[in-house]
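Take a look at the structure below.
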Amino acid sequence: MAENGEKNTFYLKVIAADRVFFQGRCLSVVLPAVDGEHAILAHHSDMMIATSTGTIRFRTESGEVHEAVVGTGFTQVINNRVTILVEFAERPEEIDALRAREAMERAQEQLRQKQSQQEYYHTQASLARAMARLRMTNKNNINRK
Amino acid sequence: MANMKEIQDRIRSVQDTMKITNAMYTISSSKLKKAKKALEDTEPYFYALQGAISRTLRHVPDLEHRYFDERGTVQGKERKVGYVVITGDKGMAGAYNHNVEKLAEDKMAVRDCDSYLFVLGEMGRQYFTRRNMAIDTQFHYTVQNPTMHRARVISELLVDKFNKGELDEVYIIFTQMNNSVAMEPRMIQLLPLKKATFEVKTPAIVDIHQEEIEMVPSEEAVLDMIVPNYITGMIYSCLVESYSSEQNSRMIAMQNSTDSAKEILHELNISYNRARQASITQEITEVISGARAQKR
């Protein structure tokens, strides 16, 4: 064990539907639960959390902070292992802002029209996805300038 | 003996067909590779979901949730059963389409209840329309290049119908690829979920206190998140599995036709050579007999 090996870390695994997005040891992770954000540190009590579309932030072992946009899914914390299962996960640099903006506009337009219950939920979900993506890109632009 | 020109035409046409079957073989094999890669990428997600459901069930064994509701009170003709049938968009894939259609028909004939058909793929749609079976006409999806998005749209539709009570059971009929030569059509239940599917066979340690898992905000909310995603994952993997099987059957079918084209070419070549030889022999005979007649 190294000198700083006793750092309080936990094992984080972020699995998206089409790939394993991230795996490695982390110091903390913040997730968008359905009822507000949850922060998880090492040795958290076992739990399952339903998460909604939004951003996750995690600090890796080396202290780097990563951000990602995630879709709906859930998180399980078991024996100091955190598994986040989501529909999709994207790094800020992977987001296509133009596409997201178009998707947002499309969804907003559809929301103004009469829709069935199912269609309404569908549009609302795609609006939430587009907004989460846009929020991430906007924030990054401000930081850079 | 057929005349030489005819045989030559025949050879040319067989050669052209062989070019096509050969090309289709190559296309199918590259598509198959792509589909397999896509399936491999989603597998960790899918298995983790399955694991999560079984874990939830293990901790809350007497859980009552709408996705696990068998709806035992609805029986007989009242019971609405949906079948999602995955076929191909085109033929030329051996018995691939036929096998799926046959299984679907058999399964529907066995049960005495109200059946609803959701058919994917043009071949199946045509087949069931010809037989005057009621198929959902709004359900129009292609089976080419299965994507997660398409699977999600399909599962949203099915889950919605299930929640509204428009369907009491949902099955999916697809083709599973056992290995590169054996494929078989299969039917699995999508909804309601069966608790038994997720049970992990653990030796009798029932009395031992298991770690407590807190569900945030509630067990129901967590399952509400997991189950639709799980069904999406199921549908997606079935789509990919079927797509791979289709490409694989097409590969085999095209391989067979290329082989038989080669065989036909071989036979035609022999008869062409015979015909050629025969005409030469005949010419020589004519020349010789002509020369002999002049000598006298």
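In the structure tokens, each chain is lettered A, B, ... as it comes, each chain's residues begin at 1, and ligands are numbered from 1 in order of appearance.
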
DSSP strand (DSSP E) residues within segment 33-110 of chain B, listed as a CSV table (one decimal) with all heavy atoms, in the first residue's frame:
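And here's part_15.csv as it stands now:
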```
chain,number,residue,atom,x,y,z
B,80,LYS,N,-55.8,-9.9,-22.9
B,80,LYS,CA,-55.2,-9.4,-24.1
B,80,LYS,C,-53.7,-9.7,-24.1
B,80,LYS,O,-53.0,-9.3,-23.2
B,80,LYS,CB,-55.4,-7.9,-24.2
B,80,LYS,CG,-56.9,-7.6,-24.2
B,80,LYS,CD,-57.1,-6.1,-24.3
B,80,LYS,CE,-58.4,-5.6,-23.7
B,80,LYS,NZ,-58.6,-5.8,-22.3
B,81,VAL,N,-53.3,-10.5,-25.1
B,81,VAL,CA,-51.9,-10.9,-25.1
B,81,VAL,C,-51.2,-10.3,-26.4
B,81,VAL,O,-51.7,-10.4,-27.5
B,81,VAL,CB,-51.7,-12.4,-25.2
B,81,VAL,CG1,-50.3,-12.8,-25.2
B,81,VAL,CG2,-52.5,-13.0,-24.0
B,82,GLY,N,-50.1,-9.6,-26.2
B,82,GLY,CA,-49.4,-9.0,-27.3
B,82,GLY,C,-48.2,-9.8,-27.7
B,82,GLY,O,-47.5,-10.3,-26.8
B,83,TYR,N,-48.0,-9.9,-29.0
B,83,TYR,CA,-46.8,-10.6,-29.5
B,83,TYR,C,-46.0,-9.7,-30.4
B,83,TYR,O,-46.5,-9.2,-31.3
B,83,TYR,CB,-47.2,-11.9,-30.3
B,83,TYR,CG,-48.0,-12.9,-29.5
B,83,TYR,CD1,-49.3,-12.9,-29.5
B,83,TYR,CD2,-47.3,-13.9,-28.9
B,83,TYR,CE1,-50.0,-13.9,-28.8
B,83,TYR,CE2,-47.9,-14.9,-28.2
B,83,TYR,CZ,-49.3,-14.9,-28.1
B,83,TYR,OH,-50.0,-15.8,-27.4
B,84,VAL,N,-44.8,-9.5,-30.0
B,84,VAL,CA,-43.9,-8.7,-30.9
B,84,VAL,C,-43.1,-9.8,-31.7
B,84,VAL,O,-42.4,-10.6,-31.2
B,84,VAL,CB,-42.9,-7.9,-30.0
B,84,VAL,CG1,-42.0,-7.1,-31.0
B,84,VAL,CG2,-43.7,-7.0,-29.1
B,85,VAL,N,-43.3,-9.7,-33.0
B,85,VAL,CA,-42.6,-10.7,-33.9
B,85,VAL,C,-41.6,-10.0,-34.7
B,85,VAL,O,-41.9,-9.0,-35.4
B,85,VAL,CB,-43.7,-11.4,-34.8
B,85,VAL,CG1,-43.0,-12.5,-35.6
B,85,VAL,CG2,-44.8,-11.9,-34.0
B,86,ILE,N,-40.4,-10.5,-34.6
B,86,ILE,CA,-39.3,-9.9,-35.4
B,86,ILE,C,-39.0,-10.7,-36.6
B,86,ILE,O,-38.5,-11.9,-36.5
B,86,ILE,CB,-38.0,-9.7,-34.5
B,86,ILE,CG1,-38.4,-8.9,-33.2
B,86,ILE,CG2,-37.0,-8.9,-35.3
B,86,ILE,CD1,-37.2,-8.8,-32.3
```

Rows by chain and residue number, chain B within 8 Å of chain A, shortest pair, only C-alpha atoms, as a Markdown table:
```
| residue | atom | partner | partner_atom | distance |
| --- | --- | --- | --- | --- |
| B:Ala38 | CA | A:Asp18 | CA | 7.6 |
| B:Asp41 | CA | A:Arg19 | CA | 5.3 |
| B:Thr42 | CA | A:Asp18 | CA | 4.8 |
| B:Pro44 | CA | A:Val20 | CA | 7.3 |
| B:Tyr45 | CA | A:Ala17 | CA | 5.5 |
| B:Phe46 | CA | A:Ala17 | CA | 7.6 |
| B:Ala48 | CA | A:Leu85 | CA | 7.7 |
| B:Leu49 | CA | A:Leu85 | CA | 7.5 |
| B:Ala52 | CA | A:Gln76 | CA | 7.9 |
| B:Met148 | CA | A:Ala17 | CA | 7.8 |
| B:Asp160 | CA | A:Gln118 | CA | 7.2 |
| B:Glu211 | CA | A:Asp46 | CA | 7.6 |
| B:Glu212 | CA | A:Asp46 | CA | 6.7 |
| B:Ile213 | CA | A:Met47 | CA | 4.6 |
| B:Glu214 | CA | A:Met47 | CA | 4.3 |
| B:Met215 | CA | A:Met48 | CA | 4.8 |
| B:Val216 | CA | A:Ile49 | CA | 4.7 |
| B:Pro217 | CA | A:Ile49 | CA | 6.9 |
| B:Ala221 | CA | A:Ala50 | CA | 6.6 |
| B:Val222 | CA | A:Ala50 | CA | 4.9 |
| B:Met225 | CA | A:Gly73 | CA | 5.9 |
| B:Ile226 | CA | A:Gly73 | CA | 6.7 |
| B:Asn229 | CA | A:Glu87 | CA | 7.7 |
```

Serialized selection, N, CA, C and O atoms, as a short mmCIF file (atom, residue, chain, number, x, y, z; two decimals), in the first residue's frame:
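Result file again_18.cif:
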```cif
data_model
loop_
_atom_site.label_atom_id
_atom_site.label_comp_id
_atom_site.auth_asym_id
_atom_site.auth_seq_id
_atom_site.Cartn_x
_atom_site.Cartn_y
_atom_site.Cartn_z
N ALA B 38 -22.13 -4.27 -31.81
CA ALA B 38 -23.12 -3.45 -31.10
C ALA B 38 -23.68 -4.20 -29.90
O ALA B 38 -23.87 -3.64 -28.82
N ASP B 41 -21.28 -4.27 -27.01
CA ASP B 41 -21.18 -3.00 -26.30
C ASP B 41 -22.28 -2.82 -25.27
O ASP B 41 -22.08 -2.17 -24.25
N THR B 42 -23.47 -3.35 -25.56
CA THR B 42 -24.57 -3.13 -24.62
C THR B 42 -24.64 -4.18 -23.54
O THR B 42 -25.37 -4.02 -22.57
N PRO B 44 -22.76 -5.22 -20.98
CA PRO B 44 -22.55 -4.89 -19.56
C PRO B 44 -23.73 -4.16 -18.94
O PRO B 44 -24.13 -4.45 -17.81
N TYR B 45 -24.32 -3.23 -19.70
CA TYR B 45 -25.46 -2.46 -19.21
C TYR B 45 -26.62 -3.40 -18.90
O TYR B 45 -27.24 -3.33 -17.84
N PHE B 46 -26.86 -4.29 -19.84
CA PHE B 46 -27.99 -5.18 -19.72
C PHE B 46 -27.85 -6.13 -18.52
O PHE B 46 -28.76 -6.31 -17.73
N ALA B 48 -26.02 -5.67 -15.89
CA ALA B 48 -26.08 -4.90 -14.64
C ALA B 48 -27.53 -4.61 -14.26
O ALA B 48 -27.90 -4.67 -13.10
N LEU B 49 -28.35 -4.33 -15.27
CA LEU B 49 -29.77 -4.09 -15.00
C LEU B 49 -30.43 -5.32 -14.42
O LEU B 49 -31.15 -5.27 -13.43
N ALA B 52 -29.46 -5.79 -10.98
CA ALA B 52 -30.09 -4.83 -10.07
C ALA B 52 -31.50 -5.26 -9.71
O ALA B 52 -31.93 -5.17 -8.55
N MET B 148 -30.60 1.61 -30.20
CA MET B 148 -31.17 1.72 -28.87
C MET B 148 -32.40 2.61 -28.91
O MET B 148 -33.38 2.37 -28.23
N ASP B 160 -46.54 1.39 -22.10
CA ASP B 160 -47.71 2.26 -21.99
C ASP B 160 -48.99 1.45 -22.15
O ASP B 160 -49.92 1.57 -21.36
N GLU B 211 -27.33 -7.40 4.15
CA GLU B 211 -27.14 -5.96 4.28
C GLU B 211 -28.41 -5.24 3.85
O GLU B 211 -29.09 -5.64 2.93
N GLU B 212 -28.72 -4.18 4.56
CA GLU B 212 -29.92 -3.41 4.25
C GLU B 212 -29.61 -2.45 3.11
O GLU B 212 -28.55 -1.83 3.09
N ILE B 213 -30.52 -2.35 2.20
CA ILE B 213 -30.34 -1.37 1.13
C ILE B 213 -31.47 -0.36 1.21
O ILE B 213 -32.64 -0.73 1.22
N GLU B 214 -31.08 0.88 1.25
CA GLU B 214 -32.09 1.91 1.31
C GLU B 214 -32.48 2.28 -0.12
O GLU B 214 -31.61 2.41 -0.98
N MET B 215 -33.76 2.43 -0.34
CA MET B 215 -34.21 2.80 -1.67
C MET B 215 -34.61 4.27 -1.66
O MET B 215 -35.42 4.68 -0.85
N VAL B 216 -34.01 5.03 -2.57
CA VAL B 216 -34.30 6.46 -2.60
C VAL B 216 -34.92 6.82 -3.95
O VAL B 216 -34.36 6.44 -4.97
N PRO B 217 -36.02 7.53 -4.04
CA PRO B 217 -36.89 7.93 -2.93
C PRO B 217 -37.75 6.77 -2.42
O PRO B 217 -38.11 6.79 -1.26
N ALA B 221 -40.24 3.86 -6.98
CA ALA B 221 -39.61 4.81 -7.90
C ALA B 221 -38.38 4.18 -8.54
O ALA B 221 -38.12 4.35 -9.73
N VAL B 222 -37.63 3.43 -7.73
CA VAL B 222 -36.42 2.80 -8.27
C VAL B 222 -36.79 1.79 -9.34
O VAL B 222 -36.23 1.78 -10.43
N MET B 225 -37.80 3.18 -12.60
CA MET B 225 -36.68 3.58 -13.43
C MET B 225 -36.06 2.36 -14.11
O MET B 225 -35.67 2.41 -15.27
N ILE B 226 -35.92 1.29 -13.32
CA ILE B 226 -35.17 0.14 -13.84
C ILE B 226 -35.96 -0.63 -14.89
O ILE B 226 -35.44 -0.94 -15.96
N ASN B 229 -36.25 0.48 -18.57
CA ASN B 229 -34.92 0.37 -19.19
C ASN B 229 -34.54 -1.07 -19.45
O ASN B 229 -33.92 -1.40 -20.44
#
```

### Message
So that I can check the secondary structure, give me every residue of segment 98-292 of chain B assigned alpha helix (DSSP H) by backbone DSSP, as a ChimeraX atom specification.
### Response
/B:98-110,122-130,148-164,195-198,219-292

#### Entry: d(atom CA of Arg186 of chain B, atom CA of Glu169 of chain B) in Å
16.4 Å

## Note on the structure
In terms of only C-alpha atoms, the residue from B:Gln247, B:Gln294, B:Ser257, B:Asn269 at minimal distance from Asn22 of chain B is B:Ser257

### Query
Using only C-alpha atoms, which of the listed residues (B:Leu239, B:Ile252, B:Val170, B:Val153) sits closest to Thr123 of chain A?
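Comparing B:Leu239, B:Ile252, B:Val170, B:Val153 against Thr123 of chain A, the winner is B:Val153.
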
### Task
Between A:Leu41, A:Asp96, A:Gly24, A:Leu31, single out the one closest to Asn8 of chain A, counting only C-alpha atoms.
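Counting only C-alpha atoms, the residue closest to Asn8 of chain A is A:Leu41.
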
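Between atom CA of His65 of chain B and atom CA of Val119 of chain B the interatomic distance comes to 28.5 Å.
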
### 9 Å contact set for Val159 of chain B, only C-alpha atoms, chain neighbours under 6 positions out, as a PyMOL selection string
chain B and resi 67+167+191+228+231

### Task
Record the distance separating atom CA of Thr258 of chain B and atom CA of Thr17 of chain B, expressed in Å with one decimal.
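That distance, rounded to one decimal, is 8.5 Å.
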